[in-house]
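*Asks:* Can you keep this structure in mind? I'll have questions shortly.
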Amino acid sequence: MNLKSNFLYIFFVIFFYSALSLLVSCDKKRVFDEYHSVGKSWDKDSIVSFELPVVDTTKQYNLFLNIRDNNEYPFNNLFLIVSMQQPNKITKIDTLEYQMADEQGMLLGEGFTDIKDSKLVYKERMKFKTGKYKIQIKQAVRQTGKIAGVEKLQGITEVGFRIEKLE
């Protein structure tokens, strides 16, 4: 290796580790962040489940649903049924609606390509009880004027769940 090659190698190593440490340090709020693939389409009977870690019960947390979608998503909104099984065996069920595209049909969310990541608020300032929690997420999208749900929801590729601590 010549001097120029050594310099470029050292520059790229420093750049790589600097970028990596920046990404890790920017996510200090993260307590839990996990995704599950739903394949090329999300079947109406498919349930995405997450076993949550035990967290500090004296602190408050924000909870998010993370949706990774692409240009094949045919709707402006997304309807979800989310159930949270608590340690006391009580299950709380929410039916939620989120806007996924603007008026022109352009997907909202973060991303430079046709794949977008949407971080959707689920619960804010939540305090956990001691014990295990389980989250189950199911899509509940229906076409306008139809009673039956969409059998295979195109454009959603992954569903995630995130817990962030409040500072």
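Residue numbers start at 1 in each chain; chains themselves are named A, B, ... in the order of the structure tokens; ligands are numbered from 1 in the order shown.
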With only C-alpha atoms as the counted atoms, please give the residues lying no more than 6 Å from Asp43 in chain A, apart from itself and same-chain residues fewer than 2 positions off, as a VMD selection string.

*Replies:* chain A and resid 45 to 46 151 to 152

*Asks:* Which residue out of A:Leu78, A:Met84, A:Ile67, A:Ile147 has the minimum interatomic distance to Ile115 in chain A when only C-alpha atoms are used?

*Replies:*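 Of A:Leu78, A:Met84, A:Ile67, A:Ile147, the one nearest Ile115 in chain A, counting only C-alpha atoms, is A:Ile67.
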
*Asks:* Env of range 105-114 of chain A: 6 Å cut, atoms = only C-alpha atoms, seq-sep filter 4 positions within chain, self excluded. Answer as a list in words.

*Replies:* Asn70, Asn71, Met100, Ala101 and Ser118 of chain A

*Asks:* Met126 in chain A: which residues within 9 Å, counting only C-alpha atoms, same-chain residues fewer than 5 positions away excluded, as number ranges by chain?

*Replies:* A: 59-63

*Asks:* Of the residues A:Leu65, A:Leu153, A:Val54, A:Leu80, which is the one nearest to Tyr133 in chain A, using only C-alpha atoms?

*Replies:*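 Using only C-alpha atoms, the shortest distance to Tyr133 in chain A belongs to A:Val54.
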
*Asks:* Chain A: which residues are helix (DSSP H, G or I) by DSSP, as a PyMOL selection string?

*Replies:* chain A and resi 3-25

*Asks:* Might you pull out every residue within 10 Å of range 136-141 of chain A, with only C-alpha atoms counted and same-chain residues fewer than 4 positions away left off, and present them as an MDAnalysis selection string?

*Replies:* chainID A and resid 42:51 65 75 77:85 93:97 148:153 156 159:161

*Asks:* Restrict the selected residues to N, CA, C and O atoms and save them as a tab-separated table (two decimals), in the first residue's frame.

*Replies:*
chain	number	residue	atom	x	y	z
A	42	TRP	N	-50.10	-7.76	3.73
A	42	TRP	CA	-50.48	-8.05	5.10
A	42	TRP	C	-51.88	-8.66	5.09
A	42	TRP	O	-52.87	-7.98	4.84
A	43	ASP	N	-51.95	-9.95	5.36
A	43	ASP	CA	-53.20	-10.67	5.36
A	43	ASP	C	-54.10	-10.17	6.49
A	43	ASP	O	-53.62	-9.86	7.58
A	44	LYS	N	-55.42	-10.08	6.23
A	44	LYS	CA	-56.34	-9.52	7.23
A	44	LYS	C	-56.41	-10.36	8.50
A	44	LYS	O	-56.78	-9.85	9.55
A	45	ASP	N	-56.04	-11.62	8.44
A	45	ASP	CA	-56.06	-12.47	9.63
A	45	ASP	C	-54.69	-12.61	10.29
A	45	ASP	O	-54.56	-13.30	11.30
A	46	SER	N	-53.68	-11.98	9.73
A	46	SER	CA	-52.33	-12.07	10.27
A	46	SER	C	-52.16	-11.07	11.42
A	46	SER	O	-52.45	-9.89	11.28
A	47	ILE	N	-51.67	-11.56	12.54
A	47	ILE	CA	-51.45	-10.73	13.72
A	47	ILE	C	-49.94	-10.63	13.96
A	47	ILE	O	-49.25	-11.64	14.01
A	48	VAL	N	-49.46	-9.41	14.10
A	48	VAL	CA	-48.05	-9.16	14.40
A	48	VAL	C	-47.94	-8.97	15.91
A	48	VAL	O	-48.64	-8.12	16.49
A	49	SER	N	-47.09	-9.77	16.56
A	49	SER	CA	-47.00	-9.76	18.03
A	49	SER	C	-45.61	-9.35	18.50
A	49	SER	O	-44.61	-9.67	17.87
A	50	PHE	N	-45.59	-8.67	19.64
A	50	PHE	CA	-44.35	-8.24	20.27
A	50	PHE	C	-44.42	-8.53	21.76
A	50	PHE	O	-45.39	-8.17	22.42
A	51	GLU	N	-43.39	-9.19	22.27
A	51	GLU	CA	-43.22	-9.39	23.72
A	51	GLU	C	-42.34	-8.23	24.18
A	51	GLU	O	-41.20	-8.12	23.75
A	65	LEU	N	-46.11	2.78	16.91
A	65	LEU	CA	-46.24	1.73	15.91
A	65	LEU	C	-45.41	2.19	14.72
A	65	LEU	O	-45.54	3.32	14.28
A	75	PHE	N	-53.99	3.08	-0.31
A	75	PHE	CA	-54.93	3.91	0.45
A	75	PHE	C	-54.24	5.13	1.05
A	75	PHE	O	-53.02	5.18	1.15
A	77	ASN	N	-55.25	6.16	4.19
A	77	ASN	CA	-55.29	5.90	5.62
A	77	ASN	C	-54.97	4.43	5.90
A	77	ASN	O	-55.05	3.59	5.02
A	78	LEU	N	-54.65	4.18	7.15
A	78	LEU	CA	-54.40	2.83	7.63
A	78	LEU	C	-55.18	2.65	8.92
A	78	LEU	O	-55.09	3.48	9.83
A	79	PHE	N	-55.97	1.59	8.99
A	79	PHE	CA	-56.73	1.26	10.19
A	79	PHE	C	-56.09	0.04	10.84
A	79	PHE	O	-55.83	-0.96	10.17
A	80	LEU	N	-55.87	0.14	12.14
A	80	LEU	CA	-55.23	-0.94	12.89
A	80	LEU	C	-56.03	-1.25	14.14
A	80	LEU	O	-56.62	-0.35	14.75
A	81	ILE	N	-56.02	-2.51	14.52
A	81	ILE	CA	-56.55	-2.93	15.81
A	81	ILE	C	-55.34	-3.37	16.63
A	81	ILE	O	-54.61	-4.28	16.23
A	82	VAL	N	-55.13	-2.69	17.75
A	82	VAL	CA	-53.97	-2.96	18.59
A	82	VAL	C	-54.45	-3.39	19.97
A	82	VAL	O	-55.26	-2.71	20.59
A	83	SER	N	-53.98	-4.54	20.40
A	83	SER	CA	-54.32	-5.00	21.75
A	83	SER	C	-53.05	-5.06	22.59
A	83	SER	O	-51.99	-5.46	22.11
A	84	MET	N	-53.21	-4.62	23.83
A	84	MET	CA	-52.10	-4.65	24.79
A	84	MET	C	-52.52	-5.51	25.96
A	84	MET	O	-53.40	-5.15	26.73
A	85	GLN	N	-51.87	-6.68	26.06
A	85	GLN	CA	-52.14	-7.57	27.19
A	85	GLN	C	-51.21	-7.16	28.33
A	85	GLN	O	-49.99	-7.13	28.17
A	93	ILE	N	-57.94	-2.93	24.08
A	93	ILE	CA	-57.97	-2.98	22.62
A	93	ILE	C	-58.33	-1.60	22.08
A	93	ILE	O	-59.29	-0.97	22.54
A	94	ASP	N	-57.53	-1.13	21.11
A	94	ASP	CA	-57.77	0.15	20.46
A	94	ASP	C	-57.92	-0.06	18.96
A	94	ASP	O	-57.16	-0.82	18.36
A	95	THR	N	-58.88	0.64	18.37
A	95	THR	CA	-58.99	0.70	16.91
A	95	THR	C	-58.47	2.07	16.52
A	95	THR	O	-58.98	3.10	16.99
A	96	LEU	N	-57.43	2.09	15.70
A	96	LEU	CA	-56.70	3.33	15.39
A	96	LEU	C	-56.72	3.60	13.89
A	96	LEU	O	-56.71	2.68	13.07
A	97	GLU	N	-56.69	4.89	13.55
A	97	GLU	CA	-56.60	5.31	12.16
A	97	GLU	C	-55.43	6.27	12.02
A	97	GLU	O	-55.27	7.19	12.82
A	148	ALA	N	-66.66	-6.06	4.16
A	148	ALA	CA	-65.53	-6.99	4.38
A	148	ALA	C	-64.20	-6.24	4.31
A	148	ALA	O	-64.03	-5.32	3.51
A	149	GLY	N	-63.27	-6.66	5.17
A	149	GLY	CA	-61.95	-6.05	5.18
A	149	GLY	C	-61.12	-6.47	3.98
A	149	GLY	O	-61.42	-7.45	3.30
A	150	VAL	N	-60.09	-5.70	3.71
A	150	VAL	CA	-59.16	-6.01	2.61
A	150	VAL	C	-58.42	-7.30	2.97
A	150	VAL	O	-57.75	-7.37	4.01
A	151	GLU	N	-58.55	-8.31	2.14
A	151	GLU	CA	-57.95	-9.63	2.41
A	151	GLU	C	-56.43	-9.58	2.47
A	151	GLU	O	-55.81	-10.11	3.37
A	152	LYS	N	-55.83	-8.97	1.46
A	152	LYS	CA	-54.37	-8.88	1.37
A	152	LYS	C	-54.01	-7.41	1.14
A	152	LYS	O	-54.19	-6.89	0.05
A	153	LEU	N	-53.51	-6.76	2.17
A	153	LEU	CA	-53.18	-5.34	2.10
A	153	LEU	C	-51.80	-5.17	1.48
A	153	LEU	O	-50.78	-5.51	2.10
A	156	ILE	N	-47.61	-2.72	2.54
A	156	ILE	CA	-47.03	-2.76	3.88
A	156	ILE	C	-46.07	-3.94	3.90
A	156	ILE	O	-46.47	-5.07	3.61
A	159	VAL	N	-43.96	-4.32	10.09
A	159	VAL	CA	-44.66	-3.66	11.18
A	159	VAL	C	-43.73	-3.71	12.39
A	159	VAL	O	-43.16	-4.76	12.70
A	160	GLY	N	-43.60	-2.57	13.05
A	160	GLY	CA	-42.71	-2.51	14.19
A	160	GLY	C	-43.37	-1.89	15.40
A	160	GLY	O	-44.44	-1.29	15.31
A	161	PHE	N	-42.68	-2.03	16.51
A	161	PHE	CA	-43.15	-1.42	17.76
A	161	PHE	C	-41.94	-0.82	18.44
A	161	PHE	O	-40.85	-1.40	18.46

*Asks:* Which one is closest to Gly155 in chain A: A:His36, A:Arg68, A:Arg30, A:Lys129? Count only C-alpha atoms.

*Replies:* A:Arg68

*Asks:* Step one, run DSSP on the backbone; step two, keep only residues of range 59-119 of chain A assigned to strand (DSSP E or B); then write them as a VMD selection string.

*Replies:* chain A and resid 61 to 69 77 to 85 91 to 99 101 107 110 116 to 119

*Asks:* Rounded to one decimal in Å, what is the spacing between CA of Ile163 in chain A and CA of Phe64 in chain A?

*Replies:*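 Computed distance, CA of Ile163 in chain A to CA of Phe64 in chain A, equals 6.5 Å.
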
*Asks:* So what do you get for CA of Lys127 in chain A versus CA of Val38 in chain A, distance-wise?

*Replies:* 29.4 Å

*Asks:* Select, from A:Glu164, A:Asp102, A:Glu72, A:Glu158, the residue with the minimum atom-to-atom distance to Phe32 in chain A, counting only C-alpha atoms.

*Replies:*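 Using only C-alpha atoms, Phe32 in chain A sits closest to A:Glu164.
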
*Asks:* One number please: CA of Tyr35 in chain A to CA of Asn66 in chain A, in Å, one decimal.

*Replies:*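 These two atoms are separated by 7.7 Å.
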